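Heads up, start-v7.pdb below (PDB, C-alpha atoms):
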ATOM      1  CA  MET N   1      24.159 -32.565 -25.233
ATOM      2  CA  ARG N   2      26.120 -29.399 -24.555
ATOM      3  CA  ARG N   3      23.525 -27.327 -26.396
ATOM      4  CA  MET N   4      20.781 -28.844 -24.277
ATOM      5  CA  GLN N   5      22.730 -28.124 -21.074
ATOM      6  CA  ALA N   6      23.357 -24.550 -22.181
ATOM      7  CA  PHE N   7      19.676 -24.127 -23.039
ATOM      8  CA  THR N   8      18.616 -25.537 -19.651
ATOM      9  CA  LEU N   9      21.042 -23.262 -17.830
ATOM     10  CA  ALA N  10      19.735 -20.239 -19.747
ATOM     11  CA  MET N  11      16.141 -21.141 -18.824
ATOM     12  CA  VAL N  12      17.065 -21.491 -15.161
ATOM     13  CA  ILE N  13      18.775 -18.070 -15.173
ATOM     14  CA  LEU N  14      15.753 -16.485 -16.866
ATOM     15  CA  LEU N  15      13.430 -18.107 -14.328
ATOM     16  CA  PHE N  16      15.425 -16.740 -11.394
ATOM     17  CA  ALA N  17      15.543 -13.294 -13.006
ATOM     18  CA  ALA N  18      11.783 -13.308 -13.614
ATOM     19  CA  THR N  19      11.159 -14.408 -10.027
ATOM     20  CA  ALA N  20      13.334 -11.581  -8.678
ATOM     21  CA  ILE N  21      11.561  -9.011 -10.863
ATOM     22  CA  PHE N  22       8.140 -10.273  -9.741
ATOM     23  CA  ALA N  23       9.166 -10.150  -6.072
ATOM     24  CA  ALA N  24      10.470  -6.603  -6.403
ATOM     25  CA  SER N  25       7.348  -5.448  -8.252
ATOM     26  CA  LYS N  26       5.164  -6.976  -5.523
ATOM     27  CA  GLU N  27       6.891  -4.916  -2.824
ATOM     28  CA  GLU N  28       6.856  -1.822  -5.017
ATOM     29  CA  LYS N  29       3.114  -2.268  -5.511
ATOM     30  CA  ARG N  30       2.729  -2.474  -1.735
ATOM     31  CA  LEU N  31       4.462   0.880  -1.329
ATOM     32  CA  GLY N  32       2.036   2.366  -3.825
ATOM     33  CA  GLU N  33      -0.864   0.928  -1.836
ATOM     34  CA  CYS N  34       0.562   2.504   1.332
ATOM     35  CA  ALA N  35       0.473   5.930  -0.323
ATOM     36  CA  ASP N  36      -3.087   5.379  -1.598
ATOM     37  CA  VAL N  37      -4.384   4.233   1.797
ATOM     38  CA  LEU N  38      -2.763   7.098   3.690
ATOM     39  CA  LYS N  39      -4.072   9.697   1.246
ATOM     40  CA  GLU N  40      -7.606   8.332   1.394
ATOM     41  CA  ILE N  41      -7.601   8.335   5.191
ATOM     42  CA  LEU N  42      -6.028  11.794   5.483
ATOM     43  CA  ASP N  43      -8.632  13.135   3.055
ATOM     44  CA  VAL N  44     -11.386  12.332   5.583
ATOM     45  CA  PRO N  45     -11.716  15.554   7.642
ATOM     46  CA  ASP N  46     -12.958  13.878  10.811
ATOM     47  CA  ASP N  47     -10.418  11.093  11.143
ATOM     48  CA  ILE N  48      -6.704  11.667  11.901
ATOM     49  CA  PRO N  49      -6.315  15.152  13.440
ATOM     50  CA  PRO N  50      -3.732  17.148  11.436
ATOM     51  CA  ASP N  51      -2.113  18.435  14.628
ATOM     52  CA  LEU N  52      -1.513  14.844  15.809
ATOM     53  CA  LEU N  53       0.052  13.910  12.491
ATOM     54  CA  SER N  54       2.326  16.924  12.845
ATOM     55  CA  LYS N  55       3.494  15.639  16.239
ATOM     56  CA  ALA N  56       4.255  12.115  15.007
ATOM     57  CA  GLU N  57       7.891  11.015  14.734
ATOM     58  CA  CYS N  58       7.065   8.138  12.348
ATOM     59  CA  VAL N  59       4.078   6.939  10.352
ATOM     60  CA  GLY N  60       3.346   3.332   9.431
ATOM     61  CA  VAL N  61       0.798   2.134   6.877
ATOM     62  CA  ILE N  62      -0.400  -1.479   6.666
ATOM     63  CA  PRO N  63      -2.775  -1.975   3.712
ATOM     64  CA  SER N  64      -5.179  -4.912   3.804
ATOM     65  CA  LEU N  65      -4.607  -6.380   7.250
ATOM     66  CA  LYS N  66      -5.924  -9.943   7.009
ATOM     67  CA  LYS N  67      -7.625 -12.009   9.674
ATOM     68  CA  MET N  68      -7.704 -15.760   9.121
ATOM     69  CA  THR N  69      -9.035 -18.732  11.091
ATOM     70  CA  LEU N  70      -7.788 -22.288  10.701
ATOM     71  CA  LEU N  71      -9.132 -25.175  12.802
ATOM     72  CA  GLY N  72     -10.575 -22.730  15.278
ATOM     73  CA  VAL N  73      -7.357 -20.754  15.733
ATOM     74  CA  GLY N  74      -7.351 -17.152  14.554
ATOM     75  CA  GLY N  75      -4.397 -15.158  13.335
ATOM     76  CA  THR N  76      -3.809 -11.762  11.799
ATOM     77  CA  TYR N  77      -1.144 -10.728   9.324
ATOM     78  CA  GLY N  78      -0.287  -7.559   7.458
ATOM     79  CA  ALA N  79       2.620  -6.006   5.579
ATOM     80  CA  GLY N  80       3.404  -2.393   4.800
ATOM     81  CA  ALA N  81       5.966   0.311   5.450
ATOM     82  CA  PHE N  82       7.149   2.894   7.972
ATOM     83  CA  VAL N  83       8.579   6.348   7.321
ATOM     84  CA  CYS N  84      10.220   8.548   9.989
ATOM     85  CA  ARG N  85      11.220  12.176  10.161
ATOM     86  CA  SER N  86      14.946  12.617   9.587
ATOM     87  CA  GLY N  87      17.400  14.271  11.949
ATOM     88  CA  ALA N  88      18.568  13.578  15.491
ATOM     89  CA  LYS N  89      15.468  15.346  16.854
ATOM     90  CA  PHE N  90      13.102  14.065  14.146
ATOM     91  CA  ASN N  91      12.657  17.583  12.797
ATOM     92  CA  GLY N  92      13.763  17.069   9.189
ATOM     93  CA  PRO N  93      12.030  15.858   6.018
ATOM     94  CA  TRP N  94      10.534  12.373   5.973
ATOM     95  CA  SER N  95      12.929   9.474   5.400
ATOM     96  CA  ALA N  96      12.860   6.754   2.786
ATOM     97  CA  PRO N  97      10.450   3.892   3.654
ATOM     98  CA  ALA N  98      11.383   0.642   5.382
ATOM     99  CA  MET N  99       9.186  -2.412   4.902
ATOM    100  CA  TYR N 100       7.432  -3.913   7.948
ATOM    101  CA  LYS N 101       5.237  -6.821   9.031
ATOM    102  CA  ILE N 102       2.621  -6.983  11.749
ATOM    103  CA  GLU N 103       1.285 -10.289  13.017
ATOM    104  CA  GLY N 104      -0.248 -12.023  15.980
ATOM    105  CA  GLY N 105      -2.970 -14.336  17.167
ATOM    106  CA  SER N 106      -4.861 -12.035  19.503
ATOM    107  CA  PHE N 107      -5.899  -9.134  17.286
ATOM    108  CA  GLY N 108      -9.587  -8.390  17.635
ATOM    109  CA  LEU N 109     -11.049  -6.726  14.556
ATOM    110  CA  GLN N 110     -14.159  -5.046  15.921
ATOM    111  CA  ILE N 111     -15.670  -4.671  12.456
ATOM    112  CA  GLY N 112     -14.795  -7.553  10.169
ATOM    113  CA  GLY N 113     -14.062  -7.352   6.497
ATOM    114  CA  THR N 114     -11.903  -8.655   3.732
ATOM    115  CA  ARG N 115      -9.811  -5.513   3.914
ATOM    116  CA  THR N 116      -8.776  -3.577   6.990
ATOM    117  CA  ASP N 117      -6.207  -0.832   6.508
ATOM    118  CA  LEU N 118      -4.070   0.448   9.372
ATOM    119  CA  VAL N 119      -2.280   3.738   9.906
ATOM    120  CA  LEU N 120       0.056   3.882  12.908
ATOM    121  CA  LEU N 121       1.434   7.125  14.337
ATOM    122  CA  VAL N 122       4.604   6.766  16.428
ATOM    123  CA  MET N 123       4.422   9.654  18.857
ATOM    124  CA  ASN N 124       7.714   9.710  20.771
ATOM    125  CA  PRO N 125      11.361   8.519  20.693
ATOM    126  CA  ARG N 126      10.555   5.488  22.873
ATOM    127  CA  GLY N 127       8.086   4.372  20.249
ATOM    128  CA  VAL N 128      10.699   4.848  17.531
ATOM    129  CA  GLN N 129      13.178   2.663  19.400
ATOM    130  CA  ALA N 130      10.505   0.008  19.842
ATOM    131  CA  ILE N 131       9.730  -0.282  16.114
ATOM    132  CA  LEU N 132      13.450  -0.528  15.359
ATOM    133  CA  ASN N 133      13.727  -3.709  17.450
ATOM    134  CA  SER N 134      13.877  -7.030  15.652
ATOM    135  CA  LYS N 135      10.427  -7.727  17.066
ATOM    136  CA  ALA N 136       8.376  -5.309  19.170
ATOM    137  CA  LYS N 137       5.413  -6.627  21.141
ATOM    138  CA  LEU N 138       2.610  -4.120  21.006
ATOM    139  CA  GLY N 139       1.266  -3.208  24.408
ATOM    140  CA  THR N 140       4.511  -4.291  26.103
ATOM    141  CA  ASP N 141       7.499  -2.857  24.235
ATOM    142  CA  ALA N 142       5.350  -0.015  22.952
ATOM    143  CA  GLY N 143       2.044   1.182  24.345
ATOM    144  CA  VAL N 144      -0.638   1.312  21.647
ATOM    145  CA  ALA N 145      -4.037   3.012  21.758
ATOM    146  CA  ALA N 146      -6.804   3.870  19.346
ATOM    147  CA  GLY N 147      -6.106   7.385  18.110
ATOM    148  CA  PRO N 148      -8.561  10.213  18.781
ATOM    149  CA  LYS N 149     -10.462  11.491  15.773
ATOM    150  CA  GLY N 150     -11.574  14.908  14.632
ATOM    151  CA  ARG N 151     -10.088  18.058  13.196
ATOM    152  CA  THR N 152      -7.989  18.624  16.324
ATOM    153  CA  ALA N 153      -6.562  16.445  19.068
ATOM    154  CA  SER N 154      -8.359  18.386  21.792
ATOM    155  CA  ALA N 155     -10.617  15.405  22.489
ATOM    156  CA  ALA N 156      -7.686  13.058  23.079
ATOM    157  CA  THR N 157      -7.684  11.171  26.341
ATOM    158  CA  ASP N 158      -4.684  11.051  28.649
ATOM    159  CA  ALA N 159      -4.264   7.346  27.829
ATOM    160  CA  SER N 160      -4.013   7.966  24.105
ATOM    161  CA  LEU N 161      -1.615  10.874  24.500
ATOM    162  CA  GLN N 162       0.700   8.761  26.674
ATOM    163  CA  ALA N 163       0.814   5.858  24.221
ATOM    164  CA  GLU N 164       3.876   5.343  22.040
ATOM    165  CA  ILE N 165       1.717   4.390  19.046
ATOM    166  CA  LEU N 166      -1.732   5.627  18.015
ATOM    167  CA  SER N 167      -3.673   3.397  15.625
ATOM    168  CA  TYR N 168      -6.327   4.184  13.036
ATOM    169  CA  SER N 169      -8.152   1.544  11.012
ATOM    170  CA  ARG N 170     -10.579   1.368   8.128
ATOM    171  CA  SER N 171     -12.629  -1.649   7.103
ATOM    172  CA  ARG N 172     -14.877  -1.818   4.018
ATOM    173  CA  GLY N 173     -14.824   1.957   3.715
ATOM    174  CA  LEU N 174     -15.831   2.429   7.358
ATOM    175  CA  PHE N 175     -13.558   3.629  10.110
ATOM    176  CA  ALA N 176     -13.409   1.011  12.801
ATOM    177  CA  GLY N 177     -11.527   0.010  15.902
ATOM    178  CA  VAL N 178      -8.895  -2.687  15.969
ATOM    179  CA  SER N 179      -7.149  -4.126  18.999
ATOM    180  CA  LEU N 180      -3.410  -4.518  18.472
ATOM    181  CA  GLU N 181      -2.521  -5.613  22.003
ATOM    182  CA  GLY N 182      -0.277  -8.656  21.997
ATOM    183  CA  GLY N 183       0.603  -8.420  18.322
ATOM    184  CA  THR N 184       4.149  -8.079  17.064
ATOM    185  CA  LEU N 185       5.638  -5.506  14.742
ATOM    186  CA  ARG N 186       8.973  -6.117  13.050
ATOM    187  CA  PRO N 187      11.096  -4.906  10.121
ATOM    188  CA  ASP N 188      10.640  -6.997   6.978
ATOM    189  CA  ASP N 189      14.297  -7.066   5.918
ATOM    190  CA  GLU N 190      13.636  -9.433   3.013
ATOM    191  CA  ALA N 191      11.016  -7.119   1.497
ATOM    192  CA  THR N 192      13.257  -4.091   2.062
ATOM    193  CA  GLU N 193      16.085  -5.819   0.194
ATOM    194  CA  LYS N 194      13.765  -6.455  -2.744
ATOM    195  CA  VAL N 195      12.803  -2.770  -2.883
ATOM    196  CA  TYR N 196      16.342  -1.382  -2.654
ATOM    197  CA  GLY N 197      18.245  -4.185  -4.334
ATOM    198  CA  ARG N 198      20.576  -4.514  -1.351
ATOM    199  CA  LYS N 199      20.439  -5.361   2.318
ATOM    200  CA  LEU N 200      19.490  -2.417   4.512
ATOM    201  CA  GLU N 201      18.446  -2.349   8.157
ATOM    202  CA  ALA N 202      15.374  -0.357   9.168
ATOM    203  CA  ARG N 203      17.513   1.732  11.542
ATOM    204  CA  LYS N 204      19.781   2.805   8.681
ATOM    205  CA  ILE N 205      16.836   3.871   6.533
ATOM    206  CA  LEU N 206      14.592   5.465   9.150
ATOM    207  CA  VAL N 207      17.012   7.015  11.636
ATOM    208  CA  GLU N 208      20.589   7.149  10.401
ATOM    209  CA  GLY N 209      19.517   8.486   7.011
ATOM    210  CA  GLY N 210      21.426   8.896   3.781
ATOM    211  CA  VAL N 211      19.235   6.403   1.923
ATOM    212  CA  ALA N 212      17.608   7.735  -1.237
ATOM    213  CA  VAL N 213      13.858   7.320  -1.595
ATOM    214  CA  PRO N 214      13.118   4.584  -4.170
ATOM    215  CA  LYS N 215      10.809   5.453  -7.029
ATOM    216  CA  ALA N 216       8.085   3.191  -5.654
ATOM    217  CA  GLY N 217       8.135   5.004  -2.284
ATOM    218  CA  LYS N 218       8.168   8.537  -3.653
ATOM    219  CA  ALA N 219       4.384   9.008  -3.564
ATOM    220  CA  LEU N 220       4.237   8.033   0.129
ATOM    221  CA  VAL N 221       7.134  10.259   1.167
ATOM    222  CA  ASP N 222       5.953  13.212  -0.950
ATOM    223  CA  LEU N 223       2.482  12.944   0.596
ATOM    224  CA  LEU N 224       3.877  13.131   4.132
ATOM    225  CA  ASN N 225       6.196  16.030   3.266
ATOM    226  CA  LYS N 226       3.191  17.867   1.822
ATOM    227  CA  ARG N 227       0.670  17.130   4.584
ATOM    228  CA  SER N 228       3.049  17.331   7.546
ATOM    229  CA  PRO N 229       6.264  19.153   6.592
ATOM    230  CA  LYS N 230       7.150  20.199  10.151
ATOM    231  CA  ASN N 231       7.359  18.330  13.453
ATOM    232  CA  THR N 232       5.496  20.386  16.058
ATOM    233  CA  SER N 233       6.040  18.015  18.976
ATOM    234  CA  ASN N 234       8.930  20.119  20.282
TER     235      ASN N 234
END
Rendering of file as structure tokens:
Amino acid sequence: MRRMQAFTLAMVILLFAATAIFAASKEEKRLGECADVLKEILDVPDDIPPDLLSKAECVGVIPSLKKMTLLGVGGTYGAGAFVCRSGAKFNGPWSAPAMYKIEGGSFGLQIGGTRTDLVLLVMNPRGVQAILNSKAKLGTDAGVAAGPKGRTASAATDASLQAEILSYSRSRGLFAGVSLEGGTLRPDDEATEKVYGRKLEARKILVEGGVAVPKAGKALVDLLNKRSPKNTSN
């Protein structure tokens, strides 16, 4: 009887350990996807203007935004990560990544597809404070607009330049528009804990600093440090 109890206990412990490893690897894979998506989009010359990227305080990547409909009600969900420039004036190297979720029932994907990737540029300190909230409503807590495209930001409209967040999206290999008004953006503390192995708030990682970049997030952070090493917004 005791041997059976010991065996059962050992199996339960192994099951929990395997579950934890799987959960961590899932989030680590997501960070890798963030790096892949951002690189692919930045490699397109006529999409995100390099000078706009160099003025961004933070960058968020949401791979595979999903739109679902159940009983006539539509909803959109996506998970990814944000990285911010370090330092009080956001003029240092890029921080370690914090995991995030975006969700809402009113997103309007203008070009549908099984996969829609998002890149979000946070352009000013007000936008940074908004994404650090427990839940930021896009369009209310932070103005969001479709980002201008091209090699430079000279074609940007006043509306886009005044927005806290500029969005870029790609669906089925095509660059498309996506309406984020009314959606919510929030830190995914549970996913962050799985990546780092301990509880960490997004503010600690993105703004306060001192958090080492995990191995899974290195490709994303290295890419940003290479493509946009200096903040030119000041």
Where does the PyMOL selection byres ((chain N and resi 120) around 9) land in this file, that is, which residues does it pick, as a list in words? Cys58, Val59, Gly60, Val61, Ile62, Phe82, Leu118, Val119, Leu121, Val122, Gly147, Ile165, Leu166, Ser167, Tyr168 and Ser169 of chain N
When you draw a straight line from CA of Thr76 (chain N) to CA of Gly183 (chain N), how long is it in Å?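 CA of Thr76 (chain N) sits 8.6 Å away from CA of Gly183 (chain N).
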Quick one: residues within 12 Å of Gly87 (chain N), only C-alpha atoms, excluding same-chain residues fewer than 6 positions away - as a list in words?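 Near Gly87 (chain N), the qualifying residues are Glu57, Pro93, Trp94, Ser95, Ile205, Leu206, Val207, Glu208, Gly209, Gly210, Lys230 and Asn231 of chain N.
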All residues 7 Å or closer to Asp47 (chain N), only C-alpha atoms, same chain fewer than 3 positions away omitted, as a list in words: Val44, Lys149 and Gly150 of chain N
Expressed in Å to a single decimal, how great is the separation between CA of Cys34 (chain N) and CA of Leu132 (chain N)?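 CA of Leu132 (chain N) lies at a distance of 19.3 Å from CA of Cys34 (chain N).
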I need the output of the PyMOL selection byres ((chain N and resi 134-140) around 10) for this file as a ChimeraX atom specification; which residues are they? /N:101-104,127,129-133,141-145,163-165,179-189,201-202
Separating CA of Pro50 (chain N) from CA of Lys89 (chain N), to the nearest tenth of an Å, is a gap of 20.0 Å
One residue among N:Leu65, N:Ala146, N:Val213, N:Ala56 is nearest to Met123 (chain N) when using all atoms listed in the file, and that residue is N:Ala56
Pick out the residues sitting within 12 Å of Leu31 (chain N), and hand them over as a PDB file with C-alpha atoms, in the coordinates of the input; count all atoms listed in the file, and ignore anything fewer than 5 positions along from it in its own chain.
ATOM      1  CA  ALA N  24      10.470  -6.603  -6.403  1.00  0.00           C
ATOM      2  CA  SER N  25       7.348  -5.448  -8.252  1.00  0.00           C
ATOM      3  CA  LYS N  26       5.164  -6.976  -5.523  1.00  0.00           C
ATOM      4  CA  ASP N  36      -3.087   5.379  -1.598  1.00  0.00           C
ATOM      5  CA  VAL N  37      -4.384   4.233   1.797  1.00  0.00           C
ATOM      6  CA  LEU N  38      -2.763   7.098   3.690  1.00  0.00           C
ATOM      7  CA  GLY N  60       3.346   3.332   9.431  1.00  0.00           C
ATOM      8  CA  VAL N  61       0.798   2.134   6.877  1.00  0.00           C
ATOM      9  CA  ILE N  62      -0.400  -1.479   6.666  1.00  0.00           C
ATOM     10  CA  PRO N  63      -2.775  -1.975   3.712  1.00  0.00           C
ATOM     11  CA  ALA N  79       2.620  -6.006   5.579  1.00  0.00           C
ATOM     12  CA  GLY N  80       3.404  -2.393   4.800  1.00  0.00           C
ATOM     13  CA  ALA N  81       5.966   0.311   5.450  1.00  0.00           C
ATOM     14  CA  PHE N  82       7.149   2.894   7.972  1.00  0.00           C
ATOM     15  CA  VAL N  83       8.579   6.348   7.321  1.00  0.00           C
ATOM     16  CA  ALA N  96      12.860   6.754   2.786  1.00  0.00           C
ATOM     17  CA  PRO N  97      10.450   3.892   3.654  1.00  0.00           C
ATOM     18  CA  ALA N  98      11.383   0.642   5.382  1.00  0.00           C
ATOM     19  CA  MET N  99       9.186  -2.412   4.902  1.00  0.00           C
ATOM     20  CA  TYR N 100       7.432  -3.913   7.948  1.00  0.00           C
ATOM     21  CA  ALA N 191      11.016  -7.119   1.497  1.00  0.00           C
ATOM     22  CA  THR N 192      13.257  -4.091   2.062  1.00  0.00           C
ATOM     23  CA  LYS N 194      13.765  -6.455  -2.744  1.00  0.00           C
ATOM     24  CA  VAL N 195      12.803  -2.770  -2.883  1.00  0.00           C
ATOM     25  CA  VAL N 213      13.858   7.320  -1.595  1.00  0.00           C
ATOM     26  CA  PRO N 214      13.118   4.584  -4.170  1.00  0.00           C
ATOM     27  CA  LYS N 215      10.809   5.453  -7.029  1.00  0.00           C
ATOM     28  CA  ALA N 216       8.085   3.191  -5.654  1.00  0.00           C
ATOM     29  CA  GLY N 217       8.135   5.004  -2.284  1.00  0.00           C
ATOM     30  CA  LYS N 218       8.168   8.537  -3.653  1.00  0.00           C
ATOM     31  CA  ALA N 219       4.384   9.008  -3.564  1.00  0.00           C
ATOM     32  CA  LEU N 220       4.237   8.033   0.129  1.00  0.00           C
ATOM     33  CA  VAL N 221       7.134  10.259   1.167  1.00  0.00           C
TER      34      VAL N 221
END
Top pick for closest residue to Ser86 (chain N), considering N:Ser171, N:Gln162, N:Ser64, N:Asn225 and counting all atoms listed in the file: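 Comparing N:Ser171, N:Gln162, N:Ser64, N:Asn225 against Ser86 (chain N), the winner is N:Asn225.
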